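As stored in input-v9.txt (compact mmCIF, C-alpha atoms):
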```
# COMPACT_ATOMS: atom_id res chain seq x y z
CA MET A 784 164.76 -93.74 17.58
CA GLN A 785 162.83 -96.05 15.27
CA THR A 786 159.27 -97.04 16.01
CA GLN A 787 157.36 -99.95 14.56
CA LYS A 788 153.73 -99.54 13.55
CA LEU A 789 151.41 -102.35 14.57
CA ASP A 790 149.27 -104.05 12.00
CA VAL A 791 145.59 -103.28 12.42
CA ASP A 792 144.92 -106.79 13.72
CA GLU A 793 147.64 -106.35 16.38
CA GLN A 794 146.40 -103.05 17.76
CA PRO A 795 144.44 -103.33 21.02
CA SER A 796 140.80 -102.40 20.62
CA GLY A 797 139.06 -99.89 22.85
CA ASP A 798 137.07 -102.73 24.42
CA ASP A 799 140.25 -104.67 25.17
CA ALA A 800 141.84 -101.64 26.80
CA LEU A 801 138.77 -101.08 28.95
CA ALA A 802 138.76 -104.75 29.90
CA ASP A 803 142.43 -104.54 30.98
CA VAL A 804 141.68 -101.51 33.15
CA ALA A 805 138.68 -103.27 34.68
CA ILE A 806 140.72 -106.39 35.45
CA SER A 807 143.46 -104.28 37.02
CA ARG A 808 140.96 -102.50 39.25
CA LEU A 809 139.31 -105.76 40.23
CA ARG A 810 142.70 -107.14 41.26
CA GLN A 811 143.37 -104.07 43.37
CA VAL A 812 139.99 -104.35 45.08
CA SER A 813 140.54 -108.09 45.55
CA MET A 814 143.93 -107.54 47.22
CA LYS A 815 142.53 -104.88 49.54
CA LEU A 816 139.72 -107.21 50.55
CA ALA A 817 142.25 -109.99 51.06
CA MET A 818 144.31 -107.77 53.37
CA ALA A 819 141.23 -107.34 55.54
CA LYS A 820 140.99 -111.10 55.97
CA ILE A 821 144.64 -112.10 56.07
CA ASP A 822 145.90 -113.73 59.26
CA ILE A 823 149.51 -113.12 60.37
CA SER A 824 151.13 -115.62 62.73
CA VAL A 825 154.51 -115.37 64.48
CA PHE A 826 156.82 -118.40 64.70
CA ASP A 827 159.88 -118.75 66.93
CA ALA A 828 161.28 -121.72 64.95
CA MET A 829 161.85 -122.50 61.28
CA GLN A 830 160.96 -126.18 61.20
CA PRO A 831 157.12 -125.90 61.30
CA LEU A 832 157.28 -123.70 58.19
CA GLU A 833 159.73 -125.75 56.13
CA ASP A 834 157.28 -127.23 53.59
CA ASP A 835 155.54 -123.91 52.90
CA TRP A 836 158.87 -122.09 52.93
CA ARG A 837 160.48 -124.36 50.35
CA ALA A 838 157.38 -124.16 48.15
CA LEU A 839 157.49 -120.35 48.08
CA GLU A 840 161.23 -120.11 47.47
CA THR A 841 161.00 -121.94 44.14
CA ASP A 842 160.14 -118.56 42.58
CA ASP A 843 163.38 -117.39 40.91
CA LEU A 844 162.59 -113.77 41.79
CA HIS A 845 162.75 -114.49 45.52
CA SER A 846 166.18 -113.83 46.97
CA LEU A 847 168.57 -116.63 47.81
CA HIS A 848 169.04 -114.87 51.15
CA GLN A 849 165.49 -115.77 52.15
CA SER A 850 165.90 -119.44 51.16
CA TYR A 851 165.36 -122.02 53.88
CA ASP A 852 168.90 -123.43 53.75
CA TRP A 853 170.57 -120.00 53.86
CA CYS A 854 168.51 -118.94 56.88
CA ALA A 855 168.97 -122.30 58.62
CA ALA A 856 172.77 -121.99 58.36
CA TRP A 857 172.62 -118.56 59.98
CA VAL A 858 170.20 -119.59 62.75
CA ASN A 859 172.37 -122.60 63.55
CA ALA A 860 175.39 -120.33 63.98
CA PHE A 861 173.92 -117.28 65.74
CA ARG A 862 170.96 -118.69 67.73
CA ARG A 863 169.12 -115.36 67.90
CA PRO A 864 165.42 -115.35 68.82
CA LEU A 865 163.13 -115.64 65.81
CA ALA A 866 159.85 -113.89 65.02
CA ILE A 867 159.09 -115.28 61.56
CA LEU A 868 155.91 -113.80 60.09
CA LYS A 869 153.57 -116.05 58.11
CA GLY A 870 150.58 -114.57 56.33
CA THR A 871 147.64 -116.88 55.58
CA TYR A 872 144.64 -116.15 53.38
CA ALA A 873 141.80 -118.56 52.61
CA GLY A 874 143.79 -121.42 54.13
CA GLU A 875 146.86 -120.85 51.92
CA THR A 876 150.24 -119.31 52.72
CA ALA A 877 150.37 -115.78 51.28
CA PHE A 878 153.85 -114.83 52.50
CA ILE A 879 156.71 -115.64 54.86
CA LEU A 880 159.02 -112.92 56.17
CA PRO A 881 162.04 -114.67 57.77
CA ILE A 882 162.76 -112.41 60.73
CA GLU A 883 165.07 -112.58 63.73
CA ILE A 884 165.24 -110.24 66.71
CA VAL A 885 168.49 -108.32 67.16
CA ARG A 886 168.89 -106.60 70.53
CA SER A 887 171.14 -103.61 71.09
CA ARG A 888 171.14 -101.08 73.95
CA GLY A 889 167.69 -102.11 75.05
CA LEU A 890 166.21 -101.88 71.55
CA ALA A 891 164.68 -104.97 69.91
CA VAL A 892 164.89 -104.77 66.11
CA ALA A 893 163.09 -107.22 63.82
CA LYS A 894 165.36 -107.79 60.80
CA PHE A 895 165.65 -110.30 58.00
CA ILE A 896 167.61 -113.36 59.13
CA ALA A 897 171.30 -112.88 58.19
CA ALA A 898 170.64 -109.27 57.11
CA ASP A 899 174.23 -108.26 57.90
CA HIS A 900 175.54 -110.60 55.19
CA SER A 901 172.76 -110.30 52.61
CA ASN A 902 173.21 -108.57 49.26
CA ILE A 903 169.53 -108.46 48.33
CA ASN A 904 166.32 -109.19 50.26
CA THR A 905 162.83 -109.75 48.90
CA GLY A 906 160.80 -111.80 51.39
CA LEU A 907 158.79 -114.80 50.20
CA PHE A 908 155.35 -114.39 48.62
CA SER A 909 152.77 -116.58 46.90
CA GLY A 910 152.17 -116.02 43.20
CA ASN A 911 149.11 -113.80 43.71
CA PHE A 912 150.77 -111.79 46.45
CA ALA A 913 154.02 -111.42 44.49
CA GLU A 914 152.18 -110.03 41.47
CA SER A 915 150.10 -107.63 43.55
CA GLY A 916 152.76 -104.89 43.51
CA GLY A 917 151.42 -101.59 44.79
CA SER A 918 147.79 -102.69 44.88
CA ILE A 919 148.00 -103.84 48.51
CA ASP A 920 146.46 -101.52 51.10
CA ALA A 921 149.84 -100.47 52.53
CA GLU A 922 148.43 -98.65 55.56
CA LYS A 923 146.41 -101.67 56.63
CA PHE A 924 149.33 -104.00 55.94
CA ALA A 925 151.60 -101.84 58.10
CA GLY A 926 149.07 -101.96 60.93
CA GLN A 927 148.86 -105.76 60.72
CA LEU A 928 152.65 -106.09 60.82
CA ARG A 929 152.85 -103.82 63.86
CA GLN A 930 150.16 -105.81 65.66
CA ALA A 931 151.89 -109.13 64.88
CA LEU A 932 155.26 -107.90 66.20
CA LYS A 933 153.88 -106.17 69.29
CA GLY A 934 155.73 -107.54 72.30
CA HIS A 935 158.45 -109.02 70.07
CA ALA A 936 160.17 -105.92 68.67
CA ASP A 937 160.32 -102.13 68.89
CA LEU A 938 161.18 -101.63 65.23
CA LEU A 939 160.71 -103.56 61.99
CA LEU A 940 163.77 -102.87 59.83
CA LEU A 941 163.80 -104.76 56.53
CA GLN A 942 166.98 -103.69 54.76
CA ASN A 943 168.26 -103.86 51.19
CA LEU A 944 164.98 -104.33 49.33
CA PRO A 945 164.73 -103.31 45.67
CA LEU A 946 161.32 -101.72 45.16
CA GLU A 947 161.30 -103.46 41.78
CA TRP A 948 163.30 -106.58 41.05
CA ARG A 949 163.70 -107.90 37.51
CA GLY A 950 160.51 -106.20 36.38
CA ARG A 951 158.33 -107.11 39.37
CA PRO A 952 157.43 -104.55 42.08
CA THR A 953 157.69 -105.76 45.65
CA PRO A 954 154.44 -106.29 47.59
CA LEU A 955 156.13 -104.25 50.34
CA THR A 956 155.80 -101.11 48.20
CA GLY A 957 153.95 -98.46 50.14
CA LEU A 958 155.39 -99.30 53.54
CA PRO A 959 157.53 -96.47 55.01
CA THR A 960 161.01 -96.68 53.47
CA VAL A 961 164.30 -94.82 53.18
CA GLN A 962 166.75 -95.37 50.34
CA ASN A 963 169.75 -97.37 51.49
CA GLN A 964 173.17 -95.77 51.07
CA ASN A 965 174.40 -98.82 49.13
CA HIS A 966 173.40 -99.80 45.61
CA ALA A 967 173.93 -103.20 43.97
CA TYR A 968 175.50 -103.95 40.58
CA GLN A 969 174.48 -106.65 38.10
CA LEU A 970 175.63 -108.12 34.79
CA PRO A 971 172.80 -109.64 32.71
CA PHE A 972 173.85 -112.78 30.81
CA LEU A 973 172.98 -112.80 27.11
CA SER A 974 173.06 -115.71 24.65
CA ASN A 975 176.80 -116.28 25.04
CA PHE A 976 179.89 -114.74 26.61
CA GLU A 977 180.69 -112.71 23.49
CA GLU A 978 177.23 -111.10 23.52
CA THR A 979 177.43 -110.45 27.26
CA LEU A 980 180.76 -108.66 26.82
CA LYS A 981 179.19 -106.31 24.26
CA GLN A 982 177.33 -104.64 27.14
CA LEU A 983 180.75 -103.51 28.40
CA ASN A 984 183.78 -101.86 26.79
CA THR A 985 184.70 -105.06 24.97
CA LYS A 986 187.88 -103.80 23.29
CA SER A 987 189.54 -102.48 26.43
CA ARG A 988 188.39 -105.46 28.52
CA ARG A 989 189.85 -107.96 26.03
CA LYS A 990 193.08 -106.00 25.88
CA LYS A 991 193.32 -106.02 29.67
CA PHE A 992 192.65 -109.78 29.75
CA ARG A 993 195.46 -110.42 27.23
CA VAL A 994 197.91 -108.35 29.27
CA GLN A 995 196.91 -110.18 32.46
CA SER A 996 197.28 -113.57 30.77
CA ARG A 997 200.75 -112.71 29.46
CA ARG A 998 201.97 -111.45 32.83
CA LEU A 999 200.62 -114.48 34.65
CA GLU A 1000 202.39 -116.78 32.20
CA GLN A 1001 205.62 -114.85 32.74
CA ALA A 1002 205.17 -115.40 36.50
CA GLY A 1003 204.99 -119.17 35.96
CA GLY A 1004 201.35 -119.68 35.00
CA VAL A 1005 198.06 -119.97 36.80
CA GLU A 1006 195.23 -122.48 37.22
CA TYR A 1007 191.55 -121.63 37.69
CA VAL A 1008 190.10 -124.05 40.25
CA ILE A 1009 186.66 -124.92 41.60
CA PRO A 1010 187.36 -127.72 44.09
CA GLU A 1011 184.91 -130.60 43.89
CA THR A 1012 185.47 -131.92 47.40
CA SER A 1013 183.87 -130.37 50.46
CA GLU A 1014 187.21 -130.52 52.26
CA GLU A 1015 188.94 -128.38 49.63
CA GLN A 1016 186.04 -125.94 49.53
CA HIS A 1017 186.29 -125.44 53.29
CA ARG A 1018 190.07 -125.01 53.03
CA LEU A 1019 189.67 -122.25 50.46
CA LEU A 1020 187.17 -120.48 52.70
CA ASP A 1021 189.74 -120.48 55.53
CA ILE A 1022 192.31 -119.02 53.13
CA PHE A 1023 189.79 -116.28 52.30
CA PHE A 1024 189.37 -115.46 56.00
CA HIS A 1025 193.15 -115.13 56.35
CA LEU A 1026 193.59 -112.90 53.29
CA LYS A 1027 190.67 -110.71 54.27
CA SER A 1028 191.94 -110.23 57.81
CA ILE A 1029 195.25 -108.96 56.41
CA ARG A 1030 193.40 -106.57 54.10
CA PHE A 1031 191.15 -105.16 56.82
CA ALA A 1032 194.15 -104.70 59.15
CA SER A 1033 196.05 -102.78 56.46
CA LEU A 1034 193.09 -100.42 56.09
CA GLY A 1035 192.56 -100.03 59.82
CA LEU A 1036 189.03 -101.41 59.51
CA PRO A 1037 187.19 -103.99 61.64
CA ASP A 1038 187.17 -107.50 60.21
CA VAL A 1039 183.51 -108.39 59.56
CA PHE A 1040 184.45 -112.05 59.01
CA ALA A 1041 186.51 -112.51 62.18
CA ASP A 1042 183.88 -113.72 64.66
CA GLY A 1043 183.31 -117.43 65.11
CA GLU A 1044 179.58 -117.27 64.38
CA THR A 1045 180.08 -115.68 60.95
CA GLN A 1046 182.75 -118.22 60.03
CA THR A 1047 180.52 -121.10 61.20
CA PHE A 1048 177.67 -119.68 59.13
CA LEU A 1049 179.73 -119.44 55.93
CA HIS A 1050 181.27 -122.89 56.43
CA GLY A 1051 177.73 -124.22 56.90
CA LEU A 1052 176.66 -122.78 53.53
CA ILE A 1053 179.31 -124.73 51.62
CA ASP A 1054 177.46 -127.98 52.28
CA LYS A 1055 174.04 -126.55 51.34
CA ARG A 1056 173.65 -127.74 47.76
CA ASP A 1057 170.87 -129.05 45.52
CA ASP A 1058 171.85 -129.56 41.87
CA ALA A 1059 168.29 -130.41 40.85
CA ARG A 1060 167.18 -126.93 41.96
CA GLN A 1061 170.33 -125.24 40.65
CA TYR A 1062 171.08 -124.13 44.20
CA PHE A 1063 174.24 -123.86 46.24
CA GLY A 1064 174.73 -121.77 49.35
CA LEU A 1065 178.42 -121.03 48.80
CA GLN A 1066 180.96 -122.21 46.26
CA MET A 1067 184.61 -121.17 46.36
CA HIS A 1068 186.56 -120.29 43.20
CA ALA A 1069 190.27 -119.48 43.09
CA LEU A 1070 193.37 -118.77 41.00
CA ARG A 1071 196.20 -121.11 41.99
CA LEU A 1072 199.69 -120.20 40.87
CA LYS A 1073 202.31 -122.39 39.26
CA GLY A 1074 206.07 -121.85 39.00
CA GLU A 1075 208.02 -120.56 42.00
CA ASN A 1076 204.77 -119.77 43.84
CA LYS A 1077 203.30 -123.18 43.08
CA ASP A 1078 199.98 -123.94 44.83
CA ARG A 1079 199.66 -120.49 46.40
CA ILE A 1080 196.30 -118.75 46.00
CA ALA A 1081 196.50 -115.36 44.22
CA ALA A 1082 192.78 -114.58 44.19
CA ILE A 1083 189.68 -116.12 45.68
CA SER A 1084 185.93 -115.57 45.48
CA GLY A 1085 182.78 -117.07 46.96
CA ILE A 1086 179.57 -117.20 44.92
CA SER A 1087 176.03 -118.41 45.61
CA ARG A 1088 173.31 -119.56 43.21
CA LYS A 1089 169.54 -119.86 43.30
CA GLY A 1090 167.93 -120.74 39.97
CA ASP A 1091 169.15 -118.35 37.27
CA HIS A 1092 170.60 -115.78 39.71
CA VAL A 1093 174.24 -115.94 40.84
CA ILE A 1094 175.52 -113.63 43.60
CA CYS A 1095 179.17 -112.86 44.27
CA GLN A 1096 179.31 -112.83 48.06
CA PHE A 1097 182.93 -111.78 48.54
CA GLY A 1098 186.44 -111.84 47.13
CA ALA A 1099 190.06 -111.37 48.20
CA ILE A 1100 193.56 -111.35 46.74
CA ASP A 1101 197.02 -112.06 48.12
CA GLU A 1102 198.60 -108.65 47.65
CA ASP A 1103 202.12 -110.09 47.91
CA LEU A 1104 201.64 -112.24 44.79
CA VAL A 1105 201.61 -111.07 41.14
CA PRO A 1106 200.27 -107.61 42.08
CA ASP A 1107 200.70 -106.22 38.54
CA THR A 1108 198.29 -108.79 37.04
CA SER A 1109 195.04 -107.76 38.80
CA PRO A 1110 194.34 -111.39 39.75
CA GLY A 1111 190.91 -110.58 41.17
CA GLU A 1112 189.74 -109.15 37.82
CA PHE A 1113 191.24 -112.15 36.01
CA LEU A 1114 189.34 -114.51 38.31
CA TYR A 1115 186.01 -112.77 37.58
CA TRP A 1116 186.63 -113.25 33.87
CA GLN A 1117 187.06 -116.98 34.47
CA ILE A 1118 183.98 -117.25 36.69
CA ILE A 1119 181.68 -115.26 34.41
CA SER A 1120 182.80 -116.90 31.17
CA GLY A 1121 182.54 -120.34 32.78
CA LEU A 1122 178.96 -119.80 33.95
CA HIS A 1123 177.66 -119.18 30.45
CA GLY A 1124 175.64 -122.06 29.09
CA SER A 1125 174.56 -123.21 32.57
CA GLY A 1126 171.19 -121.47 32.75
CA VAL A 1127 172.37 -118.31 34.52
CA ALA A 1128 170.52 -115.10 33.57
CA LEU A 1129 172.06 -112.61 36.01
CA PHE A 1130 175.44 -112.28 37.71
CA ASP A 1131 175.15 -110.07 40.78
CA PHE A 1132 178.18 -108.31 42.24
CA GLY A 1133 176.15 -107.37 45.30
CA LEU A 1134 176.14 -104.26 47.43
CA GLY A 1135 178.77 -101.55 47.51
CA ASP A 1136 180.13 -99.14 44.94
CA GLN A 1137 183.56 -100.27 43.78
CA THR A 1138 185.41 -99.56 40.54
CA TYR A 1139 185.70 -103.20 39.46
CA LYS A 1140 181.93 -103.67 39.91
CA ARG A 1141 181.12 -100.69 37.70
CA SER A 1142 183.55 -101.99 35.06
CA TRP A 1143 181.70 -105.33 34.92
CA ALA A 1144 178.11 -104.37 35.69
CA PRO A 1145 175.98 -102.19 33.38
CA VAL A 1146 172.97 -102.40 35.72
CA GLU A 1147 172.79 -100.48 39.01
CA THR A 1148 169.94 -101.25 41.43
CA ALA A 1149 168.87 -98.95 44.24
CA HIS A 1150 167.92 -100.63 47.51
CA TYR A 1151 165.56 -99.42 50.23
CA ASP A 1152 164.98 -100.12 53.92
CA VAL A 1153 161.49 -100.62 55.32
CA VAL A 1154 161.44 -98.66 58.60
CA LEU A 1155 158.28 -99.44 60.56
CA PRO A 1156 158.13 -98.48 64.26
CA VAL A 1157 156.25 -100.92 66.49
CA SER A 1158 156.67 -99.15 69.87
CA PRO A 1159 157.38 -95.55 70.99
CA PHE A 1160 161.02 -96.56 71.51
CA GLY A 1161 161.03 -97.86 67.95
CA LEU A 1162 159.65 -94.56 66.68
CA ALA A 1163 162.76 -92.74 67.88
CA ALA A 1164 165.08 -95.50 66.63
CA GLY A 1165 163.40 -95.45 63.21
CA ALA A 1166 163.87 -91.69 62.93
CA ALA A 1167 167.55 -92.10 63.87
CA HIS A 1168 168.01 -94.82 61.22
CA ARG A 1169 166.56 -92.54 58.55
CA ILE A 1170 168.87 -89.67 59.52
CA VAL A 1171 172.00 -91.86 59.61
CA THR A 1172 171.15 -93.62 56.34
CA ARG A 1173 170.52 -90.36 54.50
CA GLY A 1174 173.76 -88.97 55.92
CA LYS A 1175 175.74 -91.97 54.67
CA ALA A 1176 174.08 -91.69 51.26
CA HIS A 1177 175.01 -88.00 51.11
CA ILE A 1178 178.66 -88.78 51.89
CA LYS A 1179 178.92 -91.72 49.48
CA ALA A 1180 177.50 -89.63 46.64
CA ARG A 1181 180.49 -87.27 47.01
CA PRO A 1182 183.79 -89.11 46.33
CA LYS A 1183 186.09 -86.58 48.05
CA LEU A 1184 183.93 -86.45 51.16
CA TYR A 1185 183.65 -90.27 51.18
CA LYS A 1186 187.44 -90.67 50.93
CA PHE A 1187 187.88 -88.20 53.81
CA ALA A 1188 185.37 -90.14 55.93
CA GLN A 1189 187.18 -93.43 55.19
CA ASN A 1190 190.49 -91.91 56.29
CA ILE A 1191 188.95 -90.70 59.55
CA ARG A 1192 187.43 -94.13 60.15
CA ALA A 1193 190.78 -95.84 59.57
CA ARG A 1194 192.53 -93.51 62.05
CA ILE A 1195 190.07 -94.12 64.87
CA GLY A 1196 189.92 -97.87 64.17
```

As C-alpha cells - that is how I would like this structure written.
Amino acid sequence: MQTQKLDVDEQPSGDDALADVAISRLRQVSMKLAMAKIDISVFDAMQPLEDDWRALETDDLHSLHQSYDWCAAWVNAFRRPLAILKGTYAGETAFILPIEIVRSRGLAVAKFIAADHSNINTGLFSGNFAESGGSIDAEKFAGQLRQALKGHADLLLLQNLPLEWRGRPTPLTGLPTVQNQNHAYQLPFLSNFEETLKQLNTKSRRKKFRVQSRRLEQAGGVEYVIPETSEEQHRLLDIFFHLKSIRFASLGLPDVFADGETQTFLHGLIDKRDDARQYFGLQMHALRLKGENKDRIAAISGISRKGDHVICQFGAIDEDLVPDTSPGEFLYWQIISGLHGSGVALFDFGLGDQTYKRSWAPVETAHYDVVLPVSPFGLAAGAAHRIVTRGKAHIKARPKLYKFAQNIRARIG
C-alpha cells in the first residue's frame, strides 16, 4: 500500500489537533445539555407536521421511506393509529420519527410507518441532530422516548436502521438494538456506466449481456419501456401483482402483495412525483417482447427515488417467456445504465440476500432494529423479538440450514 507524505504546511499542528478535540467535546456536552431540554410531542395525524416534515426530508441522507408522501400513501391505505414523535429544542424541530401503532395479540407496537415494505429507515433529523452521531445521551434519550409513548405502545420497534449511512452515524446510536437478519446491497454510481461496471466483474458481466441480447433477438426482440402516462404505470403495477402471485404460489409462500391495502398503497405511490426535488414514490420499468410474444411483459421492476438515492423496491419475471435469457438481469442492466448522468449516486437493491444482488452490488450494509420496551408487556415482547431475530440471522448465515428452513416453510404453507 502506498502512502503519501503531507507537505509541512499541510500537516495539522498540535494546537489545531487540540482545538479539534476541544470542539468535539463541546459538541458532545452541548448535545447532552440539549437532550435535557428537548420536548417530545406525540401527534395522531400527519397534516400538522407537514411543513416541518418536508423541510427535514430535503436531506439526501434521510430515507425515502420516511418522506411525507411515502408515509401519506401508506396511512391513506391502512388507516392505523399514529403516534408520530416530534422533538423540539429551542423552538426548532430537532427530529420527527414517523410512527404508527400496530396491534397484535394484545400487544401495541410502535413502528415506522410502512415498516413492512421499507428497505431502509433513518428517521428525520435536523442538521445539528443528524451530525450528533453517538454524542447524544442515549440513556436519557431512551427514557424520553419511553415517557412520550407511555399509554400509546408497549414496545418501540424501529426496524432496518443502518447504524451508519453513507458516512454518517445515526443519532439513534446507543439505543438498545439487535442486528436484523437481513442486510441490504448497494451499487455506488461512479462518473459513468463504464466506471461503475469496473466495481464488478466487468468481463463476465459484458459477456452475459451479449448472450442475453443475442437470445432475445432470436426470440423476436425486446423493448425497454418506462411508460410516461399514469394509466400505463398503474397497468404495469397490476401485471407485477399477477406475476408475483404466480411466483409465490409456486414456492408455497404467502403473497405479501395480495391484500387490498398494500395494493392501494403502491398504486398511490405511482402518482407521488416531484421532478424539481428528483423524487418519485414508485416508477415501473419493464421489458416488452416483440415477435410472436408481441406486447407481453417478460420482466418488470418498480423503483423509487429521493435525491441521489434510487431504491429497487421489487421485481418479477414471467417464467413462461424467454426463460433462457435471464430477463430480470437484462432489465437491471437497462435501468442502471439509463440512470447514469441523471444525478444518481447510489442504486440500492434493498433488503434480502439474493445471488443477483450480490452480482450487482459491491456494498453490503448491515441493518439493526431498535428494541425499546415501554411497558412490562413490551419487555417480554422485546426479549422475544431479539431471540427470534438472532435465530433467523443464525439460519440465514448457513446456506444449507436456510434452504432446509425454506423447504419446511413451503410445505406448511

Query - Protein, DNA and RNA residues within 12 Å of (158.6, -125.1, 47.5), all atoms listed in the file, as a ChimeraX atom specification - result: /A:832-843,845,850-851,876,907-910,1060

Keeping only C-alpha atoms, write the selected residues as a short mmCIF file (atom, residue, chain, number, x, y, z; two decimals), in the frame of the given file.
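For reference, result-v2.cif as written:
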```cif
data_model
loop_
_atom_site.label_atom_id
_atom_site.label_comp_id
_atom_site.auth_asym_id
_atom_site.auth_seq_id
_atom_site.Cartn_x
_atom_site.Cartn_y
_atom_site.Cartn_z
CA LEU A 832 157.28 -123.70 58.19
CA GLU A 833 159.73 -125.75 56.13
CA ASP A 834 157.28 -127.23 53.59
CA ASP A 835 155.54 -123.91 52.90
CA TRP A 836 158.87 -122.09 52.93
CA ARG A 837 160.48 -124.36 50.35
CA ALA A 838 157.38 -124.16 48.15
CA LEU A 839 157.49 -120.35 48.08
CA GLU A 840 161.23 -120.11 47.47
CA THR A 841 161.00 -121.94 44.14
CA ASP A 842 160.14 -118.56 42.58
CA ASP A 843 163.38 -117.39 40.91
CA HIS A 845 162.75 -114.49 45.52
CA SER A 850 165.90 -119.44 51.16
CA TYR A 851 165.36 -122.02 53.88
CA THR A 876 150.24 -119.31 52.72
CA LEU A 907 158.79 -114.80 50.20
CA PHE A 908 155.35 -114.39 48.62
CA SER A 909 152.77 -116.58 46.90
CA GLY A 910 152.17 -116.02 43.20
CA ARG A 1060 167.18 -126.93 41.96
#
```

Report task. Quick one: everything within 10 Å of A:Gln1066, counting all atoms listed in the file, minus sequence neighbours fewer than 3 positions away in the same chain. Send it as a ChimeraX atom specification. Result -> /A:1009-1011,1013,1016-1017,1019-1020,1052-1056,1063,1084-1088,1095-1096

Report task. Please provide as number ranges by chain all residues within 7 Å of stretch 1097-1112 of chain A, with the sequence filter that same-chain residues fewer than 5 positions apart are discarded (counting all atoms listed in the file). Result -> A: 995, 998-999, 1023, 1026-1027, 1081-1085

Same residues, C-alpha atoms, saved as a short mmCIF file (atom, residue, chain, number, x, y, z; two decimals), keeping the file's coordinate frame:
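Final output, saved to part-v7.cif:
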```cif
data_model
loop_
_atom_site.label_atom_id
_atom_site.label_comp_id
_atom_site.auth_asym_id
_atom_site.auth_seq_id
_atom_site.Cartn_x
_atom_site.Cartn_y
_atom_site.Cartn_z
CA GLN A 995 196.91 -110.18 32.46
CA ARG A 998 201.97 -111.45 32.83
CA LEU A 999 200.62 -114.48 34.65
CA PHE A 1023 189.79 -116.28 52.30
CA LEU A 1026 193.59 -112.90 53.29
CA LYS A 1027 190.67 -110.71 54.27
CA ALA A 1081 196.50 -115.36 44.22
CA ALA A 1082 192.78 -114.58 44.19
CA ILE A 1083 189.68 -116.12 45.68
CA SER A 1084 185.93 -115.57 45.48
CA GLY A 1085 182.78 -117.07 46.96
#
```

Query - Minimum-distance residue to A:Arg1169, chosen among A:Leu980, A:Asp920, A:Thr960, A:Trp857 (using only C-alpha atoms) - result: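 When distances to A:Arg1169 are compared using only C-alpha atoms, the smallest one comes from A:Thr960.
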
Report task. Can you work out the spacing between atom CA of A:Leu1049 and atom CA of A:Trp1143 in Å, to one decimal? Result ->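 About the pair atom CA of A:Leu1049 and atom CA of A:Trp1143: they are 25.4 Å apart.
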
**Report entry** Pairwise distance for atom CA of A:Phe895 and atom CA of A:Gln1137, rounded to one decimal in Å
**Finding:**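 Separation between atom CA of A:Phe895 and atom CA of A:Gln1137: 25.0 Å.
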
Report summary line: atom CA of A:Ile1094 sits from atom CA of A:Ser1142 at a separation of 16.5 Å

Query raised in the report: Pick from A:Ala893, A:Thr1148, A:Ile821, A:His966: nearest to A:Lys933, with only C-alpha atoms counted?
Result: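 Closest residue, counting only C-alpha atoms: A:Ala893.
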
Report task. For A:Leu844, work out the shell of residues within 12 Å, counting all atoms listed in the file and skipping chain neighbours fewer than 3 positions away, then give it as JSON, numbers by chain. Result -> {"A": [839, 840, 841, 847, 848, 849, 850, 903, 904, 905, 906, 907, 908, 909, 910, 913, 914, 945, 947, 948, 949, 950, 951, 952, 953, 1089, 1090, 1091, 1092, 1093, 1128, 1129]}

Requested in this report: Counting all atoms listed in the file, figure out which residue out of A:Gly1174, A:Gln1117, A:His1050, A:Asp1042 gets nearest to A:Glu1014.
Outcome: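 Going through A:Gly1174, A:Gln1117, A:His1050, A:Asp1042 one by one, the smallest distance to A:Glu1014 is for A:His1050.
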
Query raised in the report: Counting all atoms listed in the file, which residues come within 10 Å of (175.1, -103.8, 31.6), with the point read in the file's coordinates, and could you list them as an NGL selection string?
Result: :A and (968-972 or 979-983 or 1141-1147)

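For the residues A:Asn975, A:Leu1065, A:Gly1043, A:Glu1075, ranking by smallest atom-to-atom distance to A:Ala1002 using all atoms listed in the file places A:Glu1075 first.
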
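Distance annotation: of A:Phe1040, A:Tyr1151, A:Phe1024, A:Tyr1007, the residue with the minimal separation from A:Ala1069 is A:Tyr1007; atom set is all atoms listed in the file.
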
Report task. Find the residues near A:Ala1163: any atom within 10 Å, counting all atoms listed in the file, skip ones fewer than 6 places away on the same chain, and give them as number ranges by chain. Result -> A: 937-938, 1156

Requested in this report: Rank nothing, just name the residue among A:Val994, A:Leu1155, A:Leu890, A:Gly1003 nearest to A:Gln930, using all atoms listed in the file.
Outcome: A:Leu1155
